[in-house]
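Shown below: query-v2.pdb, with PDB, C-alpha atoms and all ligand atoms.
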ATOM      1  CA  MET A   1      56.240  31.151  70.129
ATOM      2  CA  PRO A   2      54.193  31.528  66.930
ATOM      3  CA  LYS A   3      50.891  33.293  67.417
ATOM      4  CA  MET A   4      47.361  32.840  66.102
ATOM      5  CA  ARG A   5      44.121  34.813  66.096
ATOM      6  CA  ALA A   6      41.308  33.464  68.275
ATOM      7  CA  ALA A   7      37.845  34.823  69.094
ATOM      8  CA  GLN A   8      37.265  34.487  72.821
ATOM      9  CA  ILE A   9      34.671  35.330  75.449
ATOM     10  CA  ALA A  10      36.532  36.790  78.457
ATOM     11  CA  LYS A  11      33.678  36.195  80.923
ATOM     12  CA  PRO A  12      29.926  35.467  80.863
ATOM     13  CA  LYS A  13      28.024  38.074  78.817
ATOM     14  CA  ALA A  14      31.269  39.686  77.607
ATOM     15  CA  PRO A  15      31.529  40.528  73.892
ATOM     16  CA  ILE A  16      33.278  38.230  71.421
ATOM     17  CA  GLU A  17      36.785  39.652  70.966
ATOM     18  CA  ILE A  18      39.541  38.640  68.558
ATOM     19  CA  VAL A  19      42.827  38.268  70.446
ATOM     20  CA  GLU A  20      46.305  37.035  69.691
ATOM     21  CA  ARG A  21      47.299  33.826  71.456
ATOM     22  CA  GLU A  22      50.119  31.341  71.336
ATOM     23  CA  ILE A  23      49.392  28.436  69.010
ATOM     24  CA  PRO A  24      48.671  25.511  71.373
ATOM     25  CA  ALA A  25      50.676  22.275  71.183
ATOM     26  CA  PRO A  26      48.897  18.893  71.239
ATOM     27  CA  ARG A  27      49.543  16.661  74.255
ATOM     28  CA  ALA A  28      49.600  12.859  74.139
ATOM     29  CA  GLY A  29      46.418  11.537  72.539
ATOM     30  CA  GLU A  30      45.551  14.886  70.950
ATOM     31  CA  VAL A  31      45.864  16.479  67.523
ATOM     32  CA  ARG A  32      46.157  20.103  66.472
ATOM     33  CA  ILE A  33      43.823  21.239  63.711
ATOM     34  CA  LYS A  34      44.357  24.213  61.425
ATOM     35  CA  VAL A  35      40.784  25.460  61.276
ATOM     36  CA  GLN A  36      39.431  26.284  57.804
ATOM     37  CA  ALA A  37      35.779  26.862  58.683
ATOM     38  CA  CYS A  38      33.621  26.849  61.823
ATOM     39  CA  GLY A  39      29.844  27.005  62.025
ATOM     40  CA  ILE A  40      28.168  29.299  64.537
ATOM     41  CA  CYS A  41      25.622  27.308  66.535
ATOM     42  CA  HIS A  42      22.891  28.489  68.897
ATOM     43  CA  SER A  43      24.582  26.426  71.629
ATOM     44  CA  ASP A  44      27.561  28.789  71.459
ATOM     45  CA  SER A  45      25.340  31.098  73.505
ATOM     46  CA  MET A  46      26.011  28.728  76.445
ATOM     47  CA  VAL A  47      29.547  30.141  76.458
ATOM     48  CA  LYS A  48      28.612  33.702  75.587
ATOM     49  CA  GLU A  49      25.935  33.948  78.280
ATOM     50  CA  GLY A  50      27.559  31.683  80.884
ATOM     51  CA  LEU A  51      24.698  29.162  80.809
ATOM     52  CA  TRP A  52      26.824  25.979  81.016
ATOM     53  CA  PRO A  53      27.965  25.160  84.530
ATOM     54  CA  GLY A  54      31.685  25.268  85.235
ATOM     55  CA  ILE A  55      32.986  26.957  82.064
ATOM     56  CA  GLN A  56      36.473  28.324  82.572
ATOM     57  CA  TYR A  57      36.997  31.713  80.941
ATOM     58  CA  PRO A  58      38.355  33.061  78.714
ATOM     59  CA  ARG A  59      36.901  30.490  76.370
ATOM     60  CA  VAL A  60      36.953  30.153  72.568
ATOM     61  CA  PRO A  61      33.578  28.768  71.387
ATOM     62  CA  GLY A  62      32.908  26.724  68.259
ATOM     63  CA  HIS A  63      31.926  23.086  67.791
ATOM     64  CA  GLU A  64      31.262  22.908  64.036
ATOM     65  CA  VAL A  65      34.856  22.700  62.957
ATOM     66  CA  ALA A  66      36.376  21.725  59.610
ATOM     67  CA  GLY A  67      40.108  21.851  58.988
ATOM     68  CA  VAL A  68      43.348  19.987  58.473
ATOM     69  CA  ILE A  69      45.511  18.123  60.991
ATOM     70  CA  ASP A  70      48.584  20.223  61.529
ATOM     71  CA  GLU A  71      50.386  18.390  64.326
ATOM     72  CA  VAL A  72      49.888  15.051  66.086
ATOM     73  CA  GLY A  73      50.618  14.366  69.770
ATOM     74  CA  LEU A  74      52.323  11.295  71.185
ATOM     75  CA  GLY A  75      50.548   7.961  70.916
ATOM     76  CA  VAL A  76      48.056   8.985  68.225
ATOM     77  CA  ALA A  77      47.741   6.038  65.848
ATOM     78  CA  ARG A  78      44.673   7.086  63.863
ATOM     79  CA  TRP A  79      45.616  10.495  62.411
ATOM     80  CA  LYS A  80      48.400  11.957  60.294
ATOM     81  CA  VAL A  81      49.439  15.515  59.502
ATOM     82  CA  GLY A  82      47.588  16.796  56.440
ATOM     83  CA  GLU A  83      44.378  14.785  56.894
ATOM     84  CA  ARG A  84      41.135  16.735  56.464
ATOM     85  CA  VAL A  85      39.013  16.447  59.601
ATOM     86  CA  GLY A  86      36.072  17.856  61.519
ATOM     87  CA  VAL A  87      35.135  18.178  65.186
ATOM     88  CA  GLY A  88      31.633  18.477  66.625
ATOM     89  CA  TRP A  89      29.984  18.919  70.029
ATOM     90  CA  HIS A  90      31.182  15.596  71.455
ATOM     91  CA  GLY A  91      34.661  16.406  72.721
ATOM     92  CA  GLY A  92      35.864  12.883  73.519
ATOM     93  CA  SER A  93      35.340  10.267  76.214
ATOM     94  CA  CYS A  94      37.484   8.080  78.462
ATOM     95  CA  GLY A  95      36.618   4.679  76.982
ATOM     96  CA  TYR A  96      36.890   2.856  80.317
ATOM     97  CA  CYS A  97      34.003   4.042  82.547
ATOM     98  CA  ASP A  98      30.777   2.023  82.780
ATOM     99  CA  ALA A  99      28.906   4.307  80.359
ATOM    100  CA  CYS A 100      31.694   4.177  77.772
ATOM    101  CA  ARG A 101      31.944   0.395  78.081
ATOM    102  CA  HIS A 102      28.204   0.262  77.367
ATOM    103  CA  GLY A 103      28.856   2.303  74.223
ATOM    104  CA  ASP A 104      27.174   5.388  75.720
ATOM    105  CA  PHE A 105      30.135   7.660  75.047
ATOM    106  CA  PHE A 106      27.945  10.753  75.270
ATOM    107  CA  ALA A 107      27.323   9.910  78.941
ATOM    108  CA  CYS A 108      30.998   9.381  79.867
ATOM    109  CA  GLN A 109      31.239   9.450  83.656
ATOM    110  CA  THR A 110      34.852  10.515  84.054
ATOM    111  CA  GLN A 111      35.102  13.410  81.606
ATOM    112  CA  ASN A 112      32.223  15.338  80.128
ATOM    113  CA  LEU A 113      34.168  16.908  77.274
ATOM    114  CA  VAL A 114      32.394  19.360  74.999
ATOM    115  CA  THR A 115      34.224  21.131  72.179
ATOM    116  CA  GLY A 116      34.266  24.891  72.648
ATOM    117  CA  ILE A 117      32.828  24.556  76.179
ATOM    118  CA  THR A 118      35.216  22.479  78.298
ATOM    119  CA  SER A 119      38.090  23.240  75.898
ATOM    120  CA  ASP A 120      38.729  25.927  73.285
ATOM    121  CA  GLY A 121      36.867  25.390  70.038
ATOM    122  CA  GLY A 122      36.923  26.442  66.424
ATOM    123  CA  TYR A 123      36.548  30.242  66.531
ATOM    124  CA  ALA A 124      40.332  30.300  66.089
ATOM    125  CA  GLU A 125      43.014  29.629  63.516
ATOM    126  CA  TYR A 126      44.123  26.497  65.401
ATOM    127  CA  MET A 127      42.530  24.209  67.985
ATOM    128  CA  ILE A 128      43.365  21.050  69.911
ATOM    129  CA  ALA A 129      41.123  17.963  69.966
ATOM    130  CA  PRO A 130      41.425  14.511  71.565
ATOM    131  CA  THR A 131      41.901  11.847  68.914
ATOM    132  CA  ASP A 132      38.494  10.196  69.459
ATOM    133  CA  ALA A 133      36.637  13.500  68.938
ATOM    134  CA  VAL A 134      37.964  13.819  65.397
ATOM    135  CA  ALA A 135      36.042  12.761  62.258
ATOM    136  CA  ALA A 136      37.482  12.307  58.762
ATOM    137  CA  LEU A 137      36.047  14.631  56.103
ATOM    138  CA  PRO A 138      35.127  13.212  52.688
ATOM    139  CA  ALA A 139      36.886  14.722  49.666
ATOM    140  CA  GLU A 140      33.514  15.703  48.158
ATOM    141  CA  LEU A 141      32.757  18.320  50.845
ATOM    142  CA  ASP A 142      34.671  21.575  51.135
ATOM    143  CA  PRO A 143      35.253  23.015  54.639
ATOM    144  CA  ILE A 144      32.315  25.453  54.442
ATOM    145  CA  GLU A 145      29.971  22.629  53.399
ATOM    146  CA  ALA A 146      31.278  20.226  56.042
ATOM    147  CA  ALA A 147      31.322  22.543  59.086
ATOM    148  CA  PRO A 148      27.544  22.886  59.700
ATOM    149  CA  LEU A 149      27.126  19.138  59.327
ATOM    150  CA  MET A 150      29.345  18.662  62.415
ATOM    151  CA  CYS A 151      26.550  19.807  64.777
ATOM    152  CA  ALA A 152      23.329  20.806  62.997
ATOM    153  CA  GLY A 153      23.709  18.029  60.425
ATOM    154  CA  ILE A 154      24.691  15.171  62.714
ATOM    155  CA  THR A 155      21.978  16.170  65.198
ATOM    156  CA  MET A 156      19.252  15.866  62.580
ATOM    157  CA  PHE A 157      20.661  12.786  60.851
ATOM    158  CA  ASN A 158      21.282  10.928  64.092
ATOM    159  CA  ALA A 159      17.966  11.878  65.703
ATOM    160  CA  LEU A 160      16.109  10.625  62.627
ATOM    161  CA  ARG A 161      17.951   7.331  62.362
ATOM    162  CA  ASN A 162      17.467   6.699  66.090
ATOM    163  CA  SER A 163      13.780   7.723  66.170
ATOM    164  CA  GLY A 164      12.454   4.263  65.416
ATOM    165  CA  ALA A 165      10.668   5.547  62.283
ATOM    166  CA  ARG A 166      11.117   3.316  59.245
ATOM    167  CA  PRO A 167      11.290   4.157  55.534
ATOM    168  CA  GLY A 168       7.856   5.150  54.280
ATOM    169  CA  ASP A 169       6.719   6.306  57.727
ATOM    170  CA  GLN A 170       5.455   9.823  58.214
ATOM    171  CA  VAL A 171       7.875  12.127  60.011
ATOM    172  CA  ALA A 172       7.457  15.794  60.911
ATOM    173  CA  VAL A 173      10.143  18.425  61.361
ATOM    174  CA  LEU A 174       9.111  21.359  63.543
ATOM    175  CA  GLY A 175      11.038  24.516  62.633
ATOM    176  CA  LEU A 176      12.776  25.471  59.383
ATOM    177  CA  GLY A 177      15.907  27.198  60.649
ATOM    178  CA  GLY A 178      19.511  26.023  60.780
ATOM    179  CA  LEU A 179      18.524  22.601  62.144
ATOM    180  CA  GLY A 180      15.117  22.197  60.520
ATOM    181  CA  HIS A 181      16.189  22.958  56.941
ATOM    182  CA  LEU A 182      18.669  20.078  57.260
ATOM    183  CA  GLY A 183      16.145  17.855  59.067
ATOM    184  CA  VAL A 184      13.645  18.141  56.209
ATOM    185  CA  GLN A 185      16.316  17.248  53.646
ATOM    186  CA  PHE A 186      17.609  14.261  55.636
ATOM    187  CA  ALA A 187      14.085  12.974  56.345
ATOM    188  CA  ALA A 188      13.068  13.168  52.681
ATOM    189  CA  LYS A 189      16.312  11.533  51.478
ATOM    190  CA  MET A 190      15.969   8.763  54.089
ATOM    191  CA  GLY A 191      12.640   7.831  52.557
ATOM    192  CA  PHE A 192      10.212   9.276  55.087
ATOM    193  CA  ARG A 193       6.993  11.041  54.087
ATOM    194  CA  THR A 194       8.170  14.375  55.382
ATOM    195  CA  ILE A 195       5.972  17.091  56.860
ATOM    196  CA  ALA A 196       7.510  20.474  57.625
ATOM    197  CA  ILE A 197       5.920  22.650  60.309
ATOM    198  CA  ALA A 198       6.845  26.329  60.597
ATOM    199  CA  ARG A 199       5.354  29.774  61.045
ATOM    200  CA  GLY A 200       4.017  31.573  58.000
ATOM    201  CA  ALA A 201       2.717  30.633  54.561
ATOM    202  CA  ASP A 202       5.863  32.083  52.972
ATOM    203  CA  LYS A 203       8.008  29.118  54.094
ATOM    204  CA  GLU A 204       5.961  26.511  52.234
ATOM    205  CA  ALA A 205       7.839  26.854  48.928
ATOM    206  CA  LEU A 206      11.181  26.389  50.680
ATOM    207  CA  ALA A 207       9.889  23.395  52.660
ATOM    208  CA  ARG A 208       8.771  21.704  49.449
ATOM    209  CA  GLN A 209      12.013  22.554  47.695
ATOM    210  CA  LEU A 210      13.877  20.848  50.587
ATOM    211  CA  GLY A 211      11.797  17.695  50.086
ATOM    212  CA  ALA A 212       8.720  18.081  52.308
ATOM    213  CA  SER A 213       5.576  16.528  50.837
ATOM    214  CA  LYS A 214       3.312  18.523  53.188
ATOM    215  CA  TYR A 215       3.614  21.870  54.940
ATOM    216  CA  ILE A 216       1.773  23.002  58.071
ATOM    217  CA  ASP A 217       1.723  26.697  58.983
ATOM    218  CA  ASN A 218       1.452  26.529  62.779
ATOM    219  CA  SER A 219       0.742  30.250  63.050
ATOM    220  CA  ARG A 220      -2.604  29.710  61.309
ATOM    221  CA  SER A 221      -3.592  26.143  62.173
ATOM    222  CA  ASP A 222      -3.308  23.635  65.025
ATOM    223  CA  PRO A 223      -0.341  21.428  64.102
ATOM    224  CA  ALA A 224      -1.623  18.484  66.182
ATOM    225  CA  ALA A 225      -4.992  18.516  64.396
ATOM    226  CA  GLU A 226      -3.340  18.864  60.990
ATOM    227  CA  LEU A 227      -0.900  16.014  61.674
ATOM    228  CA  THR A 228      -3.760  13.818  62.909
ATOM    229  CA  LYS A 229      -5.691  14.495  59.667
ATOM    230  CA  LEU A 230      -2.635  13.242  57.780
ATOM    231  CA  GLY A 231      -2.529  10.040  59.855
ATOM    232  CA  GLY A 232      -0.152  11.199  62.603
ATOM    233  CA  ALA A 233       3.643  11.335  62.730
ATOM    234  CA  LYS A 234       5.784   8.367  63.785
ATOM    235  CA  ALA A 235       8.418  10.881  64.821
ATOM    236  CA  ILE A 236       8.484  14.635  65.264
ATOM    237  CA  LEU A 237      11.857  16.380  65.331
ATOM    238  CA  ALA A 238      11.309  19.467  67.450
ATOM    239  CA  THR A 239      14.049  21.939  66.532
ATOM    240  CA  VAL A 240      12.393  25.159  67.694
ATOM    241  CA  THR A 241      13.486  27.078  70.789
ATOM    242  CA  GLU A 242       9.980  27.614  72.156
ATOM    243  CA  SER A 243       8.478  24.900  74.350
ATOM    244  CA  GLY A 244       4.851  25.908  73.717
ATOM    245  CA  ALA A 245       5.297  25.275  69.996
ATOM    246  CA  MET A 246       6.815  21.868  70.767
ATOM    247  CA  ALA A 247       4.033  20.842  73.155
ATOM    248  CA  ALA A 248       1.419  21.881  70.578
ATOM    249  CA  THR A 249       2.547  19.080  68.247
ATOM    250  CA  ILE A 250       2.367  16.170  70.728
ATOM    251  CA  GLY A 251      -1.299  15.492  69.920
ATOM    252  CA  GLY A 252      -0.233  14.867  66.302
ATOM    253  CA  LEU A 253       1.924  11.841  67.095
ATOM    254  CA  ALA A 254       0.820   8.484  65.727
ATOM    255  CA  PRO A 255       0.381   5.550  68.172
ATOM    256  CA  ASN A 256       3.842   4.636  69.486
ATOM    257  CA  GLY A 257       5.126   7.910  68.029
ATOM    258  CA  ILE A 258       8.046   9.800  69.466
ATOM    259  CA  LEU A 259       8.765  13.497  69.962
ATOM    260  CA  MET A 260      12.491  14.016  69.599
ATOM    261  CA  VAL A 261      13.334  17.131  71.608
ATOM    262  CA  ILE A 262      16.315  18.877  70.040
ATOM    263  CA  GLY A 263      15.824  22.603  70.577
ATOM    264  CA  ALA A 264      16.935  23.698  74.052
ATOM    265  CA  VAL A 265      13.882  25.338  75.569
ATOM    266  CA  GLY A 266      12.425  26.065  78.986
ATOM    267  CA  PRO A 267       9.957  23.790  80.823
ATOM    268  CA  MET A 268       7.344  22.078  78.632
ATOM    269  CA  THR A 269       3.792  21.276  79.723
ATOM    270  CA  PHE A 270       1.760  18.373  78.342
ATOM    271  CA  ASP A 271      -0.967  16.021  79.494
ATOM    272  CA  PRO A 272       0.494  12.603  80.441
ATOM    273  CA  LEU A 273      -2.872  10.982  79.693
ATOM    274  CA  MET A 274      -2.468  11.976  76.072
ATOM    275  CA  ILE A 275       0.811  10.095  75.639
ATOM    276  CA  LEU A 276       0.215   7.114  77.915
ATOM    277  CA  THR A 277      -3.016   6.011  76.246
ATOM    278  CA  ARG A 278      -1.262   6.073  72.869
ATOM    279  CA  ARG A 279       2.049   4.674  74.166
ATOM    280  CA  GLN A 280       4.014   7.645  72.909
ATOM    281  CA  SER A 281       7.356   8.934  74.065
ATOM    282  CA  ILE A 282       9.234  12.166  74.452
ATOM    283  CA  LYS A 283      12.967  11.825  74.131
ATOM    284  CA  GLY A 284      15.883  14.216  74.201
ATOM    285  CA  TRP A 285      18.596  13.994  71.582
ATOM    286  CA  TYR A 286      21.827  15.765  70.878
ATOM    287  CA  ALA A 287      24.462  15.310  68.175
ATOM    288  CA  GLY A 288      26.551  12.119  68.465
ATOM    289  CA  THR A 289      30.140  10.926  68.409
ATOM    290  CA  SER A 290      32.801  11.319  65.730
ATOM    291  CA  ILE A 291      31.756   8.126  63.938
ATOM    292  CA  ASP A 292      28.177   9.428  63.805
ATOM    293  CA  SER A 293      29.647  12.564  62.194
ATOM    294  CA  GLU A 294      31.387  10.444  59.571
ATOM    295  CA  ASP A 295      28.100   8.633  58.867
ATOM    296  CA  THR A 296      26.347  12.002  58.519
ATOM    297  CA  LEU A 297      28.984  13.312  56.119
ATOM    298  CA  ALA A 298      28.911  10.121  54.033
ATOM    299  CA  PHE A 299      25.105  10.216  53.795
ATOM    300  CA  SER A 300      25.223  13.893  52.819
ATOM    301  CA  VAL A 301      27.638  13.100  49.989
ATOM    302  CA  LEU A 302      25.504  10.135  48.892
ATOM    303  CA  SER A 303      22.186  11.966  48.955
ATOM    304  CA  GLY A 304      23.122  15.572  48.169
ATOM    305  CA  VAL A 305      21.985  17.000  51.525
ATOM    306  CA  ARG A 306      23.686  20.373  52.041
ATOM    307  CA  SER A 307      23.394  23.177  54.549
ATOM    308  CA  MET A 308      22.436  26.596  53.204
ATOM    309  CA  ASN A 309      25.050  28.919  54.629
ATOM    310  CA  GLU A 310      25.764  32.567  55.177
ATOM    311  CA  VAL A 311      29.546  32.712  55.038
ATOM    312  CA  VAL A 312      31.203  35.317  57.249
ATOM    313  CA  PRO A 313      34.940  36.123  57.305
ATOM    314  CA  PHE A 314      36.593  35.441  60.676
ATOM    315  CA  ALA A 315      37.211  39.165  61.276
ATOM    316  CA  ARG A 316      33.396  39.633  61.410
ATOM    317  CA  VAL A 317      32.760  36.799  63.915
ATOM    318  CA  ALA A 318      30.805  38.989  66.369
ATOM    319  CA  GLU A 319      28.491  40.150  63.581
ATOM    320  CA  GLY A 320      28.012  36.534  62.458
ATOM    321  CA  TYR A 321      27.105  35.489  66.000
ATOM    322  CA  ASP A 322      24.530  38.302  66.302
ATOM    323  CA  CYS A 323      23.052  37.309  62.941
ATOM    324  CA  MET A 324      22.617  33.715  64.191
ATOM    325  CA  MET A 325      21.130  34.785  67.552
ATOM    326  CA  SER A 326      18.651  37.220  65.980
ATOM    327  CA  GLY A 327      17.236  34.419  63.849
ATOM    328  CA  SER A 328      17.831  36.483  60.703
ATOM    329  CA  ALA A 329      20.423  34.040  59.356
ATOM    330  CA  ARG A 330      19.347  31.966  56.352
ATOM    331  CA  PHE A 331      20.144  29.314  57.476
ATOM    332  CA  ARG A 332      23.472  28.527  59.074
ATOM    333  CA  VAL A 333      26.267  31.036  59.682
ATOM    334  CA  VAL A 334      29.752  29.696  58.919
ATOM    335  CA  LEU A 335      33.046  31.427  59.692
ATOM    336  CA  ASP A 336      35.553  31.312  56.854
ATOM    337  CA  MET A 337      39.039  31.279  58.383
ATOM    338  CA  LYS A 338      40.863  32.135  55.138
TER     339      LYS A 338
HETATM  340 ZN    ZN B   1      25.734  22.996  68.041
HETATM  341 ZN    ZN B   2      33.890   7.268  79.948
END

Serialized structure, structure tokens:
Amino acid sequence: MPKMRAAQIAKPKAPIEIVEREIPAPRAGEVRIKVQACGICHSDSMVKEGLWPGIQYPRVPGHEVAGVIDEVGLGVARWKVGERVGVGWHGGSCGYCDACRHGDFFACQTQNLVTGITSDGGYAEYMIAPTDAVAALPAELDPIEAAPLMCAGITMFNALRNSGARPGDQVAVLGLGGLGHLGVQFAAKMGFRTIAIARGADKEALARQLGASKYIDNSRSDPAAELTKLGGAKAILATVTESGAMAATIGGLAPNGILMVIGAVGPMTFDPLMILTRRQSIKGWYAGTSIDSEDTLAFSVLSGVRSMNEVVPFARVAEGYDCMMSGSARFRVVLDMK
């Protein structure tokens, strides 16, 4: 059997190790992808630290995949060998349960498939994906450009377009990291008056360069008070991983405004009176399905939204992961499989 290199986690809290494995064969309804690039996402720590219930180890993480279809299983009508594709967090759904028939594929009741969590992901030279988890890549984006859009990009794009905010409305993006630097770009290009909120005066120039019309330094001022002075935000995309910083923005929502919770954080405390008298909501959001990925990629091509990436060769995957976890990465770390 031909072999490939894969970066696996042998058990919770074990180091990332590059091993040799047999190249997997696609079953019916699946395709095999020759991986060209894979983004390193904070959610990969769910595998590394054993935080997702029921993970079977060893596991290969990675759900920001860009590559080329290399083999097609039986009964796959949609894809052909040689097509450029990507795979994100959503790892497929059954199509026949009640949730799927309502169009809520993310809530599939029969199989909760997550790329790189319930099956091996893109930290490898090859991976398998169910046909409905696969998105076509546009010719205008190379694999390194496309990969981070498969999780960070789609999450921001999809959260914004499902926030209820309309063009011209004021929208805030909390955090200017891997997610936030894309969120600011998408919000500005979608026609929102975009406010970036982050720690430190030094990030203002970047925020404005990404398209923000206002910048709030939440280490020096109260973001809720500042947002209120500006008329309040119809939507706030909270990308940070600290719940106190998220809660501190709620008072800056406009009437009927919505806090879109995207960063995975611990328990959050807020005063219900504050949101009920102003009819506001707090909603969770994650990524989307493969067609949402295609929409994200198409909008990125149309509008010029791009992730800023630190590219790391596959051999240095562990170093790339540490760089992402430490928060020192500017802004997204992407594995180059060449
Ligand atoms: Zn992710
Ligand atoms: Zn289903």

Name the closest residue to ligand ZN 2 (chain B) among the candidates A:Ile195, A:Met150, A:Ile55, A:Cys97; distances are taken between atoms, counting only C-alpha atoms and all ligand atoms.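 Checking each candidate against ligand ZN 2 (chain B), we get A:Cys97 as the closest.
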
Return as a ChimeraX atom specification the set of residues that the PyMOL selection byres (((chain A and resi 257) around 12) and not hetatm) yields on the displayed structure. /A:163-166,169-172,227-228,231-237,249-256,258-260,274-283

Same residues, C-alpha atoms, saved as an mmCIF file, in the coordinates of the input:
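Done, and the output landed in selection_24.cif:
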data_model
loop_
_atom_site.group_PDB
_atom_site.id
_atom_site.type_symbol
_atom_site.label_atom_id
_atom_site.label_comp_id
_atom_site.auth_asym_id
_atom_site.auth_seq_id
_atom_site.Cartn_x
_atom_site.Cartn_y
_atom_site.Cartn_z
ATOM 1 C CA SER A 163 13.780 7.723 66.170
ATOM 2 C CA GLY A 164 12.454 4.263 65.416
ATOM 3 C CA ALA A 165 10.668 5.547 62.283
ATOM 4 C CA ARG A 166 11.117 3.316 59.245
ATOM 5 C CA ASP A 169 6.719 6.306 57.727
ATOM 6 C CA GLN A 170 5.455 9.823 58.214
ATOM 7 C CA VAL A 171 7.875 12.127 60.011
ATOM 8 C CA ALA A 172 7.457 15.794 60.911
ATOM 9 C CA LEU A 227 -0.900 16.014 61.674
ATOM 10 C CA THR A 228 -3.760 13.818 62.909
ATOM 11 C CA GLY A 231 -2.529 10.040 59.855
ATOM 12 C CA GLY A 232 -0.152 11.199 62.603
ATOM 13 C CA ALA A 233 3.643 11.335 62.730
ATOM 14 C CA LYS A 234 5.784 8.367 63.785
ATOM 15 C CA ALA A 235 8.418 10.881 64.821
ATOM 16 C CA ILE A 236 8.484 14.635 65.264
ATOM 17 C CA LEU A 237 11.857 16.380 65.331
ATOM 18 C CA THR A 249 2.547 19.080 68.247
ATOM 19 C CA ILE A 250 2.367 16.170 70.728
ATOM 20 C CA GLY A 251 -1.299 15.492 69.920
ATOM 21 C CA GLY A 252 -0.233 14.867 66.302
ATOM 22 C CA LEU A 253 1.924 11.841 67.095
ATOM 23 C CA ALA A 254 0.820 8.484 65.727
ATOM 24 C CA PRO A 255 0.381 5.550 68.172
ATOM 25 C CA ASN A 256 3.842 4.636 69.486
ATOM 26 C CA ILE A 258 8.046 9.800 69.466
ATOM 27 C CA LEU A 259 8.765 13.497 69.962
ATOM 28 C CA MET A 260 12.491 14.016 69.599
ATOM 29 C CA MET A 274 -2.468 11.976 76.072
ATOM 30 C CA ILE A 275 0.811 10.095 75.639
ATOM 31 C CA LEU A 276 0.215 7.114 77.915
ATOM 32 C CA THR A 277 -3.016 6.011 76.246
ATOM 33 C CA ARG A 278 -1.262 6.073 72.869
ATOM 34 C CA ARG A 279 2.049 4.674 74.166
ATOM 35 C CA GLN A 280 4.014 7.645 72.909
ATOM 36 C CA SER A 281 7.356 8.934 74.065
ATOM 37 C CA ILE A 282 9.234 12.166 74.452
ATOM 38 C CA LYS A 283 12.967 11.825 74.131
#

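Minimum atom-to-atom distances from A:Val76, A:Val261, A:Met4, A:Leu182 to Val305 in chain A were compared using all atoms listed in the file, and the lowest value belongs to A:Leu182.
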
Please provide the set of residues having any atom within 12 Å of Ala207 in chain A, restricted to only C-alpha atoms, with same-chain residues fewer than 3 positions apart removed, written as a PyMOL selection string. chain A and resi 172-177+180-185+187-188+194-204+210-217

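This file, filtered with the PyMOL selection byres (((not hetatm)) within 10 of (chain B and resi 1)), gives the residues A:Gly39, A:Ile40, A:Cys41, A:His42, A:Ser43, A:Asp44, A:Ser45, A:Gly62, A:His63, A:Glu64, A:Gly88, A:Trp89, A:His90, A:Thr115, A:Gly116, A:Pro148, A:Leu149, A:Met150, A:Cys151, A:Ala152, A:Gly153, A:Ile154, A:Thr155, A:Leu179, A:Tyr286, A:Ala287.
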
Show me, as a PyMOL selection string, the residues that have an atom within 9 Å of range 98-108 of chain A when counting only C-alpha atoms, minus same-chain residues fewer than 6 positions from it. chain A and resi 90+92+288-289

Show me, as a ChimeraX atom specification, the residues that have an atom within 9 Å of Pro130 in chain A when counting only C-alpha atoms, minus same-chain residues fewer than 5 positions from it. /A:26-32,91-93

Could you please take those selected residues and save C-alpha atoms as a short mmCIF file (atom, residue, chain, number, x, y, z; two decimals), in the coordinates of the input?
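Generated output (out-v2.cif):
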data_model
loop_
_atom_site.label_atom_id
_atom_site.label_comp_id
_atom_site.auth_asym_id
_atom_site.auth_seq_id
_atom_site.Cartn_x
_atom_site.Cartn_y
_atom_site.Cartn_z
CA PRO A 26 48.90 18.89 71.24
CA ARG A 27 49.54 16.66 74.26
CA ALA A 28 49.60 12.86 74.14
CA GLY A 29 46.42 11.54 72.54
CA GLU A 30 45.55 14.89 70.95
CA VAL A 31 45.86 16.48 67.52
CA ARG A 32 46.16 20.10 66.47
CA GLY A 91 34.66 16.41 72.72
CA GLY A 92 35.86 12.88 73.52
CA SER A 93 35.34 10.27 76.21
#

Which residue is closest to Ala329 in chain A? Choose from A:Gly263, A:Gly178, A:Gly67, A:Gly86 and count all atoms listed in the file.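 Of the candidates, the smallest distance to Ala329 in chain A is held by A:Gly178.
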
Run the PyMOL selection byres (((chain A and resi 142) around 12) and not hetatm) against the file shown and list the residues it catches, as a list in words. Gln36, Ala37, Cys38, Val65, Ala66, Gly67, Val68, Arg84, Val85, Gly86, Leu137, Pro138, Ala139, Glu140, Leu141, Pro143, Ile144, Glu145, Ala146, Ala147, Pro148, Leu149, Leu297, Val301, Arg306, Ser307 and Asp336 of chain A

Restricting the calculation to all atoms listed in the file: of A:Gln209, A:Gln8, A:Asn218, A:Thr239, which residue gets closest to Ser119 in chain A?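 Ranking A:Gln209, A:Gln8, A:Asn218, A:Thr239 by distance to Ser119 in chain A, first place goes to A:Gln8.
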
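Here CA of Tyr57 in chain A is placed at a distance of 29.0 Å from CA of Phe331 in chain A.
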